[in-house]
Amino acid sequence: MNTAVHLPQDPEITPEVIAAHGITPDEYERIEKILKRKPNFTELGIFSVMWSEHCSYKNSRPELKKFPTTGPTVLVKAGEENAGVIDIGDGWAVAFKMESHNHPSAIEPFQGAATGVGGIIRDIFTMGARPVFNLNSLRFGPISSKEEATPANVRHNRRLFSGVVAGIAHYGNCIGIPTIGGEVYFDESYEGNPLVNVFCLGILKHEQIARGAASGIGNPVFYVGAETGRDGLAGAAFASRELTEESKQDRPAVQVGDPFKEKLLLEACLELLATDAVAGIQDMGAAGLTCSTCETASRGGTGVEIDLEKVPKREAGMTPYEILLSESQERMLIIVHKGKEDIVRAIFEKWDLPHAEVGVVRDDGIMRVKAGDVVVAEIPARELADEAPIYHREATPRPAPQPLEVIPPADLQSALPALLADPTLASKEWIYRQYDHMVRIGSAVRPGSDSAVFLVREANKILAATSDCNATYCALDPREGARIAVAEAARNLACSGAIPLAVTDNLNFGNPHKPENFWQLRESVEGLAEGCNAFDIPVTGGNVSLYNESPAGAVDPTPTVGMVGLIEDESHITASFFRTPGDAILLLGDLGNEMGGSHYLKVLHGRKAGVPPKVDFTKERALHDTLRTLIREGLIRSAHDTSEGGLALALAESCIGGEGEAFGAEIDFGTTGLQPEVLLFNESQGRIIVSVDAAHADAVLAKAQESGIPARRIGQVSAASSPLTIAADGRKVEWAVDDLRRTWSGAIAECMSN
Amino acid sequence: MKAAVIRFPGSNCDQDCHYVLAHHYRIETDYVWHKESTLSGYDLVILPGGFSYGDYLRTGAIARFSPIMKAVSDYAAGGGLLLGICNGFQILTESRLLPGALVRNRSLHFICENRHLRVENNDSPFLSTTEVGQVLNLPIAHGEGNYTADEATLAQLEASGQILLRYSDAAGNVSPETNPNGSLSNIAGITNASRNVFGLMPHPERACDPRLGSTDGTFLFDSILKTLGVTADA
Amino acid sequence: MKARVTVMPKKSVLDPQGVAVRDAALHHGLPEVRSIRIGKWLEIDLDDSAASDPNLEARLHEICKDLLSNPVIEDYELKLEA
Amino acid sequence: MKARVTVMPKKSVLDPQGVAVRDAALHHGLPEVRSIRIGKWLEIDLDDSAASDPNLEARLHEICKDLLSNPVIEDYELKLEA
Ligand SMILES: Nc1ncnc2c1ncn2[C@@H]1O[C@H](COP(=O)(O)OP(=O)(O)O)[C@@H](O)[C@H]1O
Ligand SMILES: [Mg+2]
C-alpha cells in the first residue's frame, strides 16, 4: 500500500496528539498493524472517530449481542443497516429507531436537540422509508423548587428543558413529521447531563428497502445535500467523553440544523429512490463523510475512492482533516448505477440542492481519500469500519437495595394533588402543545394517553407507539428496571388495543470504565433481552450513549425502550380516559403492595429507596392478551395501566386526562387490610384500570377470571365535574376533579413561567 | 371540478390537503410545483400549510416570490377560489392578496391543539353551509398566527364582513381568554373584498375524518363544493 | 462592498418577543430597562461589480421593501459601505 | 438612555436563514449578492437612573451573554448611547 502523504500544515503524530484523539497506545499499535505503517494526521482523525464508542460500540458490542434480533417479521436485522425493518403485512413494512443527542443538548439545548431529530429522520429515510411520526424521551434535572428564590441549578435545568423542547419542535414541525408522544422525567441525577433520545418511524413497501452498500465496481459516488462546513468537528469523539467544565470549551462541536434543507433532502431522496438509479445510500451522521464512505465500502465488500476537492464546501481553506471529520448536517452519500447520473442531477436540481460526483466504487477494499492528485488517506475499509477493538469491561455489582421497613405515612387528601403537581407525573401538555402532533392527518390517539395511535394512510395500517423507562427502578435494580421498561411499554400498547411488533432501545449510562457503571449496563441489557424474549419481540436497533456523567456522578441508568405495535382494526383503538358516566370501573390485576422506588416515596418523602417492583412476565402477558381479547369483543371503553403514582394516580388521570370535561368516579376497594398509602400509591406491575358499560361488567369480570387474571369491580364513572372519591377499609377521601385537573395540567407551565 | 394544491419547498400539509380532496371528496386534484408559471383549468387552488422556505426571514416572505405566485394572483384576480391554510394564509398576506400580517404568537411558543371558532359571516363560497354564530372545532398548529393590521384595515374588515372566523369558546363567546395567539380582535380567518380568497390559520383538512376527533373541516370543503355546484360522493 | 440593513417592527405593532425579553431582563439584573424592541440586522456582501451601477441603491431599496421587510408591520434602514 | 445590541451568528456557524434569503435575493433583482448573514438588532430603552451606575456597562454585557445572545453560536456587539 502507498503511504498517504504528510501534509505540511498537519501536526506530527506524537503521543500527545494520539492521546488527544482519545486513542490508547494499544489502539495505536493496532492502527499501525492495519496500515502496516504510521498513520498521518488525517488518518489518525479518521480512526479516532470510527473507533469512538459512538461509532464502534467498542464497549457495548458484546452486550448488544444478547438482544433477540430475529423473528418472522424481521426484514432487516438490527445492526445490518441504518435501521431495522419490520414486516407489518400486505407488503408494507416499518423502519424505526431511537438515537441520543445528550451531550450536544447539554451544551446547546436548542440546536443539540434539533440536530438529534434531524439525524434520526435521516436514518429512517436512508432506508427508503417515508418518515411518518416521531417520539422523544427526555430527562432533566428538577425544574420545580420550593424555595423563594429559584436556585441557579433549577433555572439552568429549566433553560435546558425549554431549549430542548423548542429545538425538537423547531425541527419536527418544520419538516412536517408529527411528534406524537414521548416521556419526560425530572430527577437530580440528570442535572448537568440531560438525556435527549429521539425516535422516528417510517413506512415503506418491502421492495423499497434501500441498502447502504457501495456495490458495483465503477459506480459513481455522489455527495448530496448541504455544503460541508467546520461544524461539530469530531462530534462523535465528543459524545464519547465525559462532560467536564472544559468541554464547554468544545463549543465548535455544536452543529446548527436546517430542517428546511432536510425537508428538501428527504423529498429529493425519496423521489430518487423511486427510480432505478440508486445502488446504495447512506446518511452522513456522526463522523460525516468518513463514516459513510468506509461503511458503505465495508458493507459492499468494496473500496471507495473520493476526491475532497469535489465536495461542496461552505468555507474556504478547509483541510482534509476538517472536511472528513465535519459533522455538517443534512448530507447524504449516494452510490449511483453507472449511466444514471443524470437522473440524480435532475432531481437534486429540481429541489435546489447541492450535489456532486465525488468518487467511485473500487474493487480494492480501500477507503482512499484524495485532495486532487494527492492521496491524503488510504485505509482498508472493512478493518476501519468493523474491526475496532472490543473491550470486555470489568463489572462490579452495586449493593442490592434494602427492603423498606416502614412506609412513612402522609396526608392522603394532599398526597394525590402533590403527586399530580410533580413535573414528572403532571400533564405533558406544555411540551406536546409545542409539537405539531397532527400533521399527516393520522393522530387517532394524541399525546396524553398510554400510547399514541397513528393511522398510516398510505398503507392502510394503524400503529401504536410508546416510549418508557423508569430509571429510578433501574438505579435500584438495573435488571428489574429494564424488564419493567419492556413490560410497561407492552402494557401501554395493549391498553391502546395494539399487539407489540418490535422494540428499539437507547442505552444511556455513565462511564463504562467504572465497573459499577458497566455492571448497570450489562444488567440492563440482560433485563431488556429477557423482556423482549418474554413478549417475543425483536430489537430492531437502537443507540448507546455512555459517559453520561456530570461532576456529581453518573446519571441513573436509563435504558429507554421505544415500542411499536399494530392495531388490527380501527374499532380496537382505545384510550386511557373515562368516557361515559355510569360505566363500571374494573381493576385487572392485583391490588399490589410494592412501594420500593415509588414516586410516593420520592415526591412526598424525598427518598429513592427500597426494592423496586418485580414483574412476572407470564402474568403480564396473560393480562395483555386478555385485555386485547376484551377490546376485540368491543367490551372496553377505556384502559389505562397503572405505573408511577399507583392506582390513585391512574384513576385520577382517567378522570381528568381526556380532552372534554373531567369526569368524577366513585371508587370503593372494600376491605383490603393494606396501609392506605400502600393501597393508593404502590407501583406493583401488571395492573390495568378499565371502564366498561355497566351492563357488561359481570361478563368482563368472568372472562378475565377465566383467563386467570384477578379482576374486581372497584367503582363507577360519575358525571362531569362530580368528585373523585376513593373508599377502602372504612375510610373515604374525596377530591374535586376540576381542582385535580387544574393542578395537573398547569404544573409544568407554572414552573416554566417563573 | 378540478383542484390544485401548490407545493412550495417546505410545504408540509400539501399531502394532507391532497388526500382530503382526492380521497375524501374524490375530486381530481393536482400538485402544482412552485416553479411552474401557469395555472389553468382549476376551480379551486389551495396554498397549503407548512414552512415554505423554512419560514426564514418572515413566514411566507420568500414563497411569495415563487414563479407560480404570479399565476396564483392572476387566478384570484379572475375570481377563482383561492384558499390559504396556515402558511398559505401567511403567504397570502405577504403577497398582499389579503390585508394585514401574521406575526409571532404572543406566547412565543408554537401552539398545536384544537380550538373553537365562531363563524362570524357565512356569506362567502367558503362557509356557505354554516350558520352565523355556529361554533367549529378545528386544529391549529402555528408559531406565527397572531394577526395584526392597522386600525383602518380592521375597520374596513369589520364593515364589509370580511372577518369569517374568530377564536371563541365552545359556546361561541369571543374574549381575550379564548384568544390562543394574541390575534387582533381574535381573528382566525379573513376573506378579501371580493370574497373569493380566504386565508385562515386553523387546519380544516385535519378535521375531515371522524377518527381524528372532529369533522368540522368538512363544512368548509362542503361549502366550496356547493358553491361550485359539485355534489361530493364522500 | 457591503450593505447593512436594520428591520424593526413598527412602533404601532406589538413586539411579543421584545416584551418577553424585557420581562426576562427585568428579572435578571436589569431593573432599569423600560422597553426592548427586537428587529433584524442583515449584513449583505456584494460583488464589487455592484459598485459601478448607479441604480444600486435604488435596487437595494426595492429589495428592502419587497423582501427584507414587510411594510405592513416593519420599517427598515439601509446603509451602504464601500 | 439607550443601548443597542447586534447579535450575529458566529462566522463559522451555519446561517441557514442567511443562505435562503441570499438565494431569494439572487433571483429577485440582486444578482451581485455574495452572501447575506442575518442576526438580531435590539434597541434597549433604559431609565435615566441607569446612567449613574458605573457598573451599567458590565451588567449589560452580562445580559448580552446570558439572555440576548447564545455565546455557543453567536457573537454580540453592545453600544451605549446617552
Ligand atoms: N416529551 C414528550 N413529548 C411528547 N409527548 C409526551 C412527552 N412526555 C410525555 N408525553 C405524553 O404524555 C403522556 C403521559 O406520559 P407518561 O407519563 O410517560 O405515560 P405512561 O406513564 O403511561 O408511559 C403520554 O401520552 C406521552 O406520550
Ligand atoms: Mg402508561
# chains A, B, ... in the order shown; residues from 1 in each chain; ligands from 1
>>> interface_residues(of="chain D", to="chain A", cutoff="9 Å", atoms="only C-alpha atoms", output="JSON, numbers by chain")
{"D": [12, 13, 14, 15, 16, 17, 70, 72, 73]}
>>> select_by_dssp(residues="chain C", states="strand (DSSP E or B)", output="ChimeraX atom specification")
/C:2-9,33-46,74-81
>>> residues_near_ligand(ligand="ligand 1", cutoff="9 Å", atoms="only C-alpha atoms and all ligand atoms", output="ChimeraX atom specification")
/A:134-139,165,179-185,424-429,431-433,435,437,445-452,465-470,488-489,492,576,640-644,650
>>> select_by_dssp(residues="stretch 482-610 of chain A", states="alpha helix (DSSP H)", output="PyMOL selection string")
chain A and resi 482-495+515-535+599+605
>>> write_last_selection(atoms="C-alpha atoms", output="short mmCIF file (atom, residue, chain, number, x, y, z; two decimals), in the first residue's frame")
data_model
loop_
_atom_site.label_atom_id
_atom_site.label_comp_id
_atom_site.auth_asym_id
_atom_site.auth_seq_id
_atom_site.Cartn_x
_atom_site.Cartn_y
_atom_site.Cartn_z
CA ALA A 482 -35.09 -2.78 32.38
CA ARG A 483 -37.52 -5.70 32.50
CA ILE A 484 -40.19 -3.32 33.74
CA ALA A 485 -39.45 -0.85 30.95
CA VAL A 486 -40.27 -3.55 28.40
CA ALA A 487 -43.33 -4.75 30.31
CA GLU A 488 -44.66 -1.24 30.73
CA ALA A 489 -44.23 -0.43 27.07
CA ALA A 490 -46.03 -3.61 26.08
CA ARG A 491 -48.77 -2.83 28.60
CA ASN A 492 -49.17 0.69 27.22
CA LEU A 493 -49.59 -0.79 23.75
CA ALA A 494 -52.11 -3.36 24.99
CA CYS A 495 -54.10 -0.54 26.60
CA PRO A 515 -17.02 -1.16 36.89
CA GLU A 516 -20.24 -0.23 38.67
CA ASN A 517 -21.48 1.64 35.63
CA PHE A 518 -20.58 -1.22 33.35
CA TRP A 519 -22.40 -3.61 35.64
CA GLN A 520 -25.52 -1.45 35.32
CA LEU A 521 -25.21 -1.54 31.56
CA ARG A 522 -24.85 -5.29 31.49
CA GLU A 523 -27.71 -5.92 33.90
CA SER A 524 -29.97 -3.57 31.97
CA VAL A 525 -29.18 -5.15 28.63
CA GLU A 526 -29.89 -8.58 30.03
CA GLY A 527 -33.12 -7.29 31.57
CA LEU A 528 -34.23 -5.78 28.27
CA ALA A 529 -33.37 -9.01 26.47
CA GLU A 530 -35.40 -11.03 28.97
CA GLY A 531 -38.34 -8.71 28.43
CA CYS A 532 -38.14 -8.88 24.65
CA ASN A 533 -37.90 -12.65 24.76
CA ALA A 534 -40.85 -12.85 27.10
CA PHE A 535 -43.02 -10.87 24.70
CA HIS A 599 -42.98 8.13 43.26
CA HIS A 605 -40.60 11.85 51.36
#
>>> interface_residues(of="chain C", to="chain B", cutoff="12 Å", atoms="only C-alpha atoms", output="ChimeraX atom specification")
/C:7,9-21,39-42,63-74
>>> write_last_selection(atoms="N, CA, C and O atoms", output="compact mmCIF listing (two decimals), in the first residue's frame")
# COMPACT_ATOMS: atom_id res chain seq x y z
N VAL C 7 -34.08 46.04 10.25
CA VAL C 7 -35.52 45.94 10.06
C VAL C 7 -36.14 45.90 11.45
O VAL C 7 -35.79 45.05 12.26
N PRO C 9 -39.75 46.21 13.96
CA PRO C 9 -41.22 46.25 14.00
C PRO C 9 -41.66 47.71 14.16
O PRO C 9 -41.03 48.47 14.90
N LYS C 10 -42.71 48.08 13.45
CA LYS C 10 -43.24 49.44 13.59
C LYS C 10 -43.64 49.71 15.03
O LYS C 10 -44.09 48.80 15.72
N LYS C 11 -43.52 50.95 15.42
CA LYS C 11 -43.87 51.34 16.79
C LYS C 11 -45.28 50.90 17.16
O LYS C 11 -45.55 50.51 18.29
N SER C 12 -46.19 50.96 16.17
CA SER C 12 -47.59 50.67 16.47
C SER C 12 -47.88 49.18 16.56
O SER C 12 -48.95 48.76 16.96
N VAL C 13 -46.90 48.35 16.16
CA VAL C 13 -47.14 46.90 16.14
C VAL C 13 -46.56 46.28 17.40
O VAL C 13 -45.44 46.59 17.81
N LEU C 14 -47.33 45.42 18.02
CA LEU C 14 -46.87 44.74 19.21
C LEU C 14 -45.66 43.86 18.86
O LEU C 14 -45.65 43.19 17.84
N ASP C 15 -44.66 43.87 19.74
CA ASP C 15 -43.46 43.05 19.51
C ASP C 15 -43.36 42.05 20.66
O ASP C 15 -42.72 42.31 21.67
N PRO C 16 -44.05 40.91 20.52
CA PRO C 16 -44.13 39.98 21.67
C PRO C 16 -42.77 39.50 22.13
O PRO C 16 -42.54 39.31 23.33
N GLN C 17 -41.84 39.36 21.20
CA GLN C 17 -40.51 38.91 21.59
C GLN C 17 -39.82 39.98 22.44
O GLN C 17 -39.21 39.68 23.46
N GLY C 18 -39.96 41.23 22.02
CA GLY C 18 -39.36 42.32 22.77
C GLY C 18 -39.92 42.38 24.18
O GLY C 18 -39.18 42.57 25.15
N VAL C 19 -41.23 42.19 24.30
CA VAL C 19 -41.86 42.23 25.62
C VAL C 19 -41.33 41.09 26.49
O VAL C 19 -40.97 41.29 27.66
N ALA C 20 -41.24 39.89 25.91
CA ALA C 20 -40.76 38.75 26.69
C ALA C 20 -39.32 38.97 27.14
O ALA C 20 -38.97 38.68 28.29
N VAL C 21 -38.50 39.48 26.25
CA VAL C 21 -37.10 39.68 26.61
C VAL C 21 -36.96 40.79 27.65
O VAL C 21 -36.17 40.70 28.57
N GLY C 39 -35.45 43.60 16.38
CA GLY C 39 -35.60 43.54 14.93
C GLY C 39 -34.51 42.68 14.34
O GLY C 39 -33.90 41.86 15.03
N LYS C 40 -34.29 42.86 13.06
CA LYS C 40 -33.27 42.06 12.37
C LYS C 40 -32.14 42.96 11.92
O LYS C 40 -32.30 44.14 11.67
N TRP C 41 -31.00 42.33 11.81
CA TRP C 41 -29.79 43.02 11.36
C TRP C 41 -29.22 42.17 10.24
O TRP C 41 -28.94 40.98 10.45
N LEU C 42 -29.11 42.76 9.07
CA LEU C 42 -28.64 41.97 7.92
C LEU C 42 -27.35 42.56 7.37
O LEU C 42 -27.25 43.79 7.16
N ILE C 63 -35.44 45.80 -2.82
CA ILE C 63 -35.31 44.52 -2.12
C ILE C 63 -35.71 44.67 -0.64
O ILE C 63 -36.36 43.82 -0.06
N CYS C 64 -35.30 45.78 -0.06
CA CYS C 64 -35.64 46.01 1.35
C CYS C 64 -37.15 46.06 1.52
O CYS C 64 -37.69 45.52 2.48
N LYS C 65 -37.82 46.74 0.57
CA LYS C 65 -39.26 46.91 0.71
C LYS C 65 -40.02 45.64 0.37
O LYS C 65 -41.02 45.31 1.01
N ASP C 66 -39.53 44.93 -0.66
CA ASP C 66 -40.29 43.77 -1.14
C ASP C 66 -40.00 42.51 -0.35
O ASP C 66 -40.88 41.71 -0.10
N LEU C 67 -38.71 42.34 -0.02
CA LEU C 67 -38.32 41.04 0.54
C LEU C 67 -37.90 41.16 2.00
O LEU C 67 -38.41 40.44 2.85
N LEU C 68 -36.98 42.07 2.26
CA LEU C 68 -36.33 42.04 3.58
C LEU C 68 -37.22 42.58 4.68
O LEU C 68 -37.06 42.22 5.84
N SER C 69 -38.16 43.43 4.33
CA SER C 69 -39.09 43.89 5.36
C SER C 69 -40.51 43.78 4.83
O SER C 69 -40.71 43.65 3.62
N ASN C 70 -41.46 43.79 5.72
CA ASN C 70 -42.87 43.83 5.34
C ASN C 70 -43.42 45.17 5.82
O ASN C 70 -43.62 45.36 7.01
N PRO C 71 -43.63 46.10 4.87
CA PRO C 71 -44.01 47.47 5.24
C PRO C 71 -45.29 47.55 6.07
O PRO C 71 -45.53 48.55 6.73
N VAL C 72 -46.09 46.48 6.07
CA VAL C 72 -47.30 46.50 6.89
C VAL C 72 -46.94 46.53 8.38
O VAL C 72 -47.63 47.12 9.18
N ILE C 73 -45.85 45.88 8.72
CA ILE C 73 -45.51 45.77 10.14
C ILE C 73 -44.11 46.27 10.48
O ILE C 73 -43.77 46.37 11.66
N GLU C 74 -43.31 46.54 9.48
CA GLU C 74 -41.90 46.84 9.78
C GLU C 74 -41.39 48.10 9.05
O GLU C 74 -41.89 48.46 7.98
>>> closest_residue(among="A:Met752, A:Glu349, A:Ala720, A:Ser326", to="A:Gly163", atoms="only C-alpha atoms")
A:Met752
>>> atom_distance(atom1="atom CA of A:Ser414", atom2="atom CA of A:Asp590")
25.0 Å
>>> closest_atom_pairs(of="chain B", to="chain A", cutoff="10 Å", atoms="only C-alpha atoms", output="Markdown table")
| residue | atom | partner | partner_atom | distance |
| --- | --- | --- | --- | --- |
| B:Pro9 | CA | A:Leu264 | CA | 6.7 |
| B:Gly10 | CA | A:Phe260 | CA | 6.0 |
| B:Ser11 | CA | A:Gly176 | CA | 8.2 |
| B:Asn12 | CA | A:Gly176 | CA | 5.1 |
| B:Cys13 | CA | A:Val439 | CA | 6.7 |
| B:Asp14 | CA | A:Arg440 | CA | 9.3 |
| B:Gln15 | CA | A:Arg440 | CA | 7.4 |
| B:Asp16 | CA | A:Arg440 | CA | 5.8 |
| B:Cys17 | CA | A:Ile441 | CA | 9.5 |
| B:Tyr19 | CA | A:Arg457 | CA | 9.1 |
| B:Val20 | CA | A:Ile441 | CA | 9.4 |
| B:Trp33 | CA | A:Lys350 | CA | 9.8 |
| B:Lys35 | CA | A:Lys350 | CA | 8.9 |
| B:Gly49 | CA | A:Val439 | CA | 9.5 |
| B:Gly50 | CA | A:Cys174 | CA | 6.8 |
| B:Phe51 | CA | A:Cys174 | CA | 5.6 |
| B:Ser52 | CA | A:Phe260 | CA | 8.1 |
| B:Tyr53 | CA | A:Phe260 | CA | 6.5 |
| B:Gly54 | CA | A:Phe260 | CA | 4.7 |
| B:Asp55 | CA | A:Cys174 | CA | 8.4 |
| B:Tyr56 | CA | A:Phe260 | CA | 9.1 |
| B:His109 | CA | A:Gln434 | CA | 6.4 |
| B:Phe110 | CA | A:Gln434 | CA | 4.8 |
| B:Ile111 | CA | A:Gln434 | CA | 5.2 |
| B:Cys112 | CA | A:Arg433 | CA | 4.9 |
| B:Glu113 | CA | A:Arg433 | CA | 6.3 |
| B:Asn114 | CA | A:Glu659 | CA | 9.4 |
| B:Pro139 | CA | A:Met438 | CA | 8.1 |
| B:Ile140 | CA | A:Asp436 | CA | 9.0 |
| B:Ala141 | CA | A:Asp436 | CA | 6.0 |
| B:His142 | CA | A:Asp436 | CA | 8.1 |
| B:Gly143 | CA | A:Gln434 | CA | 8.7 |
| B:His203 | CA | A:Val439 | CA | 9.4 |
| B:Glu205 | CA | A:Ile441 | CA | 7.9 |
| B:Arg206 | CA | A:Ile441 | CA | 5.6 |
| B:Ala207 | CA | A:Ile441 | CA | 8.3 |
| B:Cys208 | CA | A:Ile441 | CA | 9.1 |
| B:Asp209 | CA | A:Ile441 | CA | 8.5 |
| B:Pro210 | CA | A:Ala444 | CA | 9.1 |
| B:Arg211 | CA | A:Ala444 | CA | 5.7 |
| B:Leu212 | CA | A:Ala444 | CA | 4.9 |
| B:Gly213 | CA | A:Ala444 | CA | 7.4 |
>>> write_last_selection(atoms="N, CA and C atoms", output="compact mmCIF listing (two decimals), in the first residue's frame")
# COMPACT_ATOMS: atom_id res chain seq x y z
N PRO B 9 -41.25 24.70 -1.76
CA PRO B 9 -40.27 23.95 -0.98
C PRO B 9 -40.53 24.22 0.51
N GLY B 10 -40.76 23.19 1.26
CA GLY B 10 -41.06 23.37 2.68
C GLY B 10 -42.54 23.29 3.01
N SER B 11 -43.40 23.19 1.99
CA SER B 11 -44.82 22.92 2.28
C SER B 11 -44.86 21.56 2.96
N ASN B 12 -45.71 21.41 3.97
CA ASN B 12 -45.80 20.06 4.54
C ASN B 12 -47.22 19.59 4.84
N CYS B 13 -48.20 20.41 4.48
CA CYS B 13 -49.58 19.94 4.59
C CYS B 13 -50.15 19.70 3.19
N ASP B 14 -49.27 19.75 2.19
CA ASP B 14 -49.71 19.56 0.81
C ASP B 14 -50.32 18.18 0.62
N GLN B 15 -49.67 17.15 1.20
CA GLN B 15 -50.18 15.79 1.03
C GLN B 15 -51.51 15.61 1.77
N ASP B 16 -51.66 16.29 2.91
CA ASP B 16 -52.90 16.17 3.68
C ASP B 16 -54.07 16.80 2.90
N CYS B 17 -53.83 17.98 2.34
CA CYS B 17 -54.89 18.64 1.56
C CYS B 17 -55.25 17.79 0.34
N TYR B 19 -54.90 14.63 0.03
CA TYR B 19 -55.60 13.42 0.47
C TYR B 19 -57.09 13.70 0.68
N VAL B 20 -57.38 14.79 1.37
CA VAL B 20 -58.78 15.09 1.68
C VAL B 20 -59.57 15.33 0.39
N TRP B 33 -46.14 22.42 -8.79
CA TRP B 33 -44.82 22.79 -8.26
C TRP B 33 -44.63 24.30 -8.35
N LYS B 35 -42.32 26.10 -9.15
CA LYS B 35 -41.55 26.67 -10.27
C LYS B 35 -42.37 26.77 -11.55
N GLY B 49 -50.48 24.45 4.23
CA GLY B 49 -49.65 24.80 5.38
C GLY B 49 -48.25 24.23 5.26
N GLY B 50 -47.42 24.63 6.21
CA GLY B 50 -46.04 24.14 6.22
C GLY B 50 -45.08 25.24 6.58
N PHE B 51 -43.86 25.09 6.14
CA PHE B 51 -42.82 26.06 6.43
C PHE B 51 -42.12 26.38 5.12
N SER B 52 -42.84 27.03 4.19
CA SER B 52 -42.22 27.32 2.90
C SER B 52 -40.93 28.09 3.14
N TYR B 53 -39.89 27.66 2.47
CA TYR B 53 -38.56 28.25 2.64
C TYR B 53 -38.16 28.32 4.11
N GLY B 54 -38.56 27.33 4.86
CA GLY B 54 -38.11 27.24 6.25
C GLY B 54 -38.66 28.34 7.15
N ASP B 55 -39.63 29.11 6.66
CA ASP B 55 -40.13 30.28 7.40
C ASP B 55 -39.02 31.30 7.61
N TYR B 56 -37.96 31.20 6.84
CA TYR B 56 -36.85 32.12 7.06
C TYR B 56 -37.27 33.54 6.70
N HIS B 109 -44.48 30.67 21.76
CA HIS B 109 -44.44 29.22 21.55
C HIS B 109 -45.26 28.83 20.33
N PHE B 110 -44.84 27.78 19.69
CA PHE B 110 -45.68 27.10 18.70
C PHE B 110 -46.86 26.50 19.46
N ILE B 111 -48.05 26.56 18.87
CA ILE B 111 -49.23 26.01 19.55
C ILE B 111 -49.93 25.02 18.64
N CYS B 112 -50.09 23.79 19.12
CA CYS B 112 -50.82 22.78 18.38
C CYS B 112 -51.92 22.23 19.28
N GLU B 113 -53.16 22.50 18.93
CA GLU B 113 -54.29 21.99 19.72
C GLU B 113 -55.58 22.28 18.97
N ASN B 114 -56.67 21.69 19.41
CA ASN B 114 -57.96 22.03 18.82
C ASN B 114 -58.48 23.31 19.44
N PRO B 139 -58.33 22.05 14.46
CA PRO B 139 -56.96 22.15 14.99
C PRO B 139 -56.25 23.41 14.51
N ILE B 140 -55.43 23.96 15.37
CA ILE B 140 -54.46 24.97 14.93
C ILE B 140 -53.07 24.40 15.19
N ALA B 141 -52.11 24.86 14.43
CA ALA B 141 -50.72 24.42 14.62
C ALA B 141 -49.81 25.47 13.99
N HIS B 142 -49.42 26.44 14.78
CA HIS B 142 -48.60 27.51 14.21
C HIS B 142 -47.80 28.24 15.28
N GLY B 143 -46.73 28.86 14.82
CA GLY B 143 -45.93 29.71 15.70
C GLY B 143 -46.17 31.18 15.41
N HIS B 203 -56.67 24.41 10.59
CA HIS B 203 -56.47 23.41 9.53
C HIS B 203 -57.74 22.61 9.28
N GLU B 205 -58.36 20.70 6.86
CA GLU B 205 -58.04 19.37 6.29
C GLU B 205 -57.70 18.35 7.40
N ARG B 206 -57.41 18.84 8.59
CA ARG B 206 -57.12 17.92 9.69
C ARG B 206 -58.40 17.53 10.44
N ALA B 207 -59.53 17.99 9.96
CA ALA B 207 -60.78 17.70 10.66
C ALA B 207 -61.84 17.24 9.67
N CYS B 208 -61.50 16.20 8.93
CA CYS B 208 -62.46 15.65 7.97
C CYS B 208 -62.70 14.17 8.21
N ASP B 209 -61.99 13.59 9.17
CA ASP B 209 -62.08 12.15 9.41
C ASP B 209 -62.53 11.96 10.86
N PRO B 210 -63.67 11.31 11.08
CA PRO B 210 -64.18 11.18 12.45
C PRO B 210 -63.17 10.53 13.40
N ARG B 211 -62.27 9.72 12.86
CA ARG B 211 -61.28 9.06 13.73
C ARG B 211 -60.29 10.06 14.32
N LEU B 212 -60.22 11.25 13.74
CA LEU B 212 -59.29 12.25 14.25
C LEU B 212 -59.94 13.21 15.23
N GLY B 213 -61.20 12.95 15.59
CA GLY B 213 -61.81 13.76 16.63
C GLY B 213 -62.93 14.66 16.13
>>> closest_atom_pairs(of="chain D", to="chain C", cutoff="6 Å", atoms="only C-alpha atoms", output="Markdown table")
| residue | atom | partner | partner_atom | distance |
| --- | --- | --- | --- | --- |
| D:Glu32 | CA | C:Asp47 | CA | 5.1 |
| D:Val33 | CA | C:Leu46 | CA | 4.5 |
| D:Arg34 | CA | C:Leu46 | CA | 5.2 |
| D:Ser35 | CA | C:Asp45 | CA | 5.2 |
| D:Ile36 | CA | C:Ile44 | CA | 4.5 |
| D:Arg37 | CA | C:Glu43 | CA | 5.2 |
| D:Ile38 | CA | C:Leu42 | CA | 4.6 |
| D:Gly39 | CA | C:Trp41 | CA | 5.0 |
| D:Lys40 | CA | C:Lys40 | CA | 4.4 |
| D:Trp41 | CA | C:Gly39 | CA | 4.9 |
| D:Leu42 | CA | C:Ile38 | CA | 4.6 |
| D:Glu43 | CA | C:Arg37 | CA | 5.2 |
| D:Ile44 | CA | C:Ile36 | CA | 4.5 |
| D:Asp45 | CA | C:Ser35 | CA | 5.1 |
| D:Leu46 | CA | C:Val33 | CA | 4.5 |
| D:Asp47 | CA | C:Glu32 | CA | 5.1 |
>>> closest_residue(among="A:Ala475, A:Leu412, A:Leu740, A:Ile688", to="ligand 2", atoms="only C-alpha atoms and all ligand atoms")
A:Ile688
>>> residues_around(residues="A:Leu591", least_positions_apart="2", cutoff="10 Å", atoms="only C-alpha atoms", output="PyMOL selection string")
chain A and resi 587-589+593-594+646-647+669+672+674+678-680+682-687+710-712
>>> write_last_selection(atoms="C-alpha atoms", output="tab-separated table (two decimals), in the first residue's frame")
chain	number	residue	atom	x	y	z
A	587	LEU	CA	-59.22	-3.37	38.08
A	588	LEU	CA	-57.48	-6.12	36.10
A	589	GLY	CA	-54.61	-7.46	38.21
A	593	ASN	CA	-48.19	-3.68	47.64
A	594	GLU	CA	-44.68	-2.81	46.35
A	646	GLY	CA	-50.05	3.74	41.54
A	647	LEU	CA	-53.80	3.22	41.47
A	669	PHE	CA	-61.90	-1.09	47.30
A	672	THR	CA	-58.02	-4.67	51.77
A	674	LEU	CA	-53.45	-2.54	53.38
A	678	VAL	CA	-49.71	1.43	50.11
A	679	LEU	CA	-53.11	0.75	48.57
A	680	LEU	CA	-53.27	4.08	46.78
A	682	ASN	CA	-47.92	1.26	45.32
A	683	GLU	CA	-46.36	0.61	41.93
A	684	SER	CA	-46.72	-3.15	41.55
A	685	GLN	CA	-46.70	-4.17	37.90
A	686	GLY	CA	-49.33	-5.95	35.87
A	687	ARG	CA	-52.36	-3.80	36.60
A	710	PRO	CA	-57.53	-11.36	39.02
A	711	ALA	CA	-60.28	-8.85	38.37
A	712	ARG	CA	-62.63	-6.85	40.53
>>> residues_around(residues="B:Ile46", least_positions_apart="5", cutoff="6 Å", atoms="only C-alpha atoms", output="list in words")
Val5, Leu82, Leu83 and Gly84 of chain B
>>> atom_distance(atom1="atom CA of A:Gly216", atom2="atom CA of A:His54")
29.1 Å
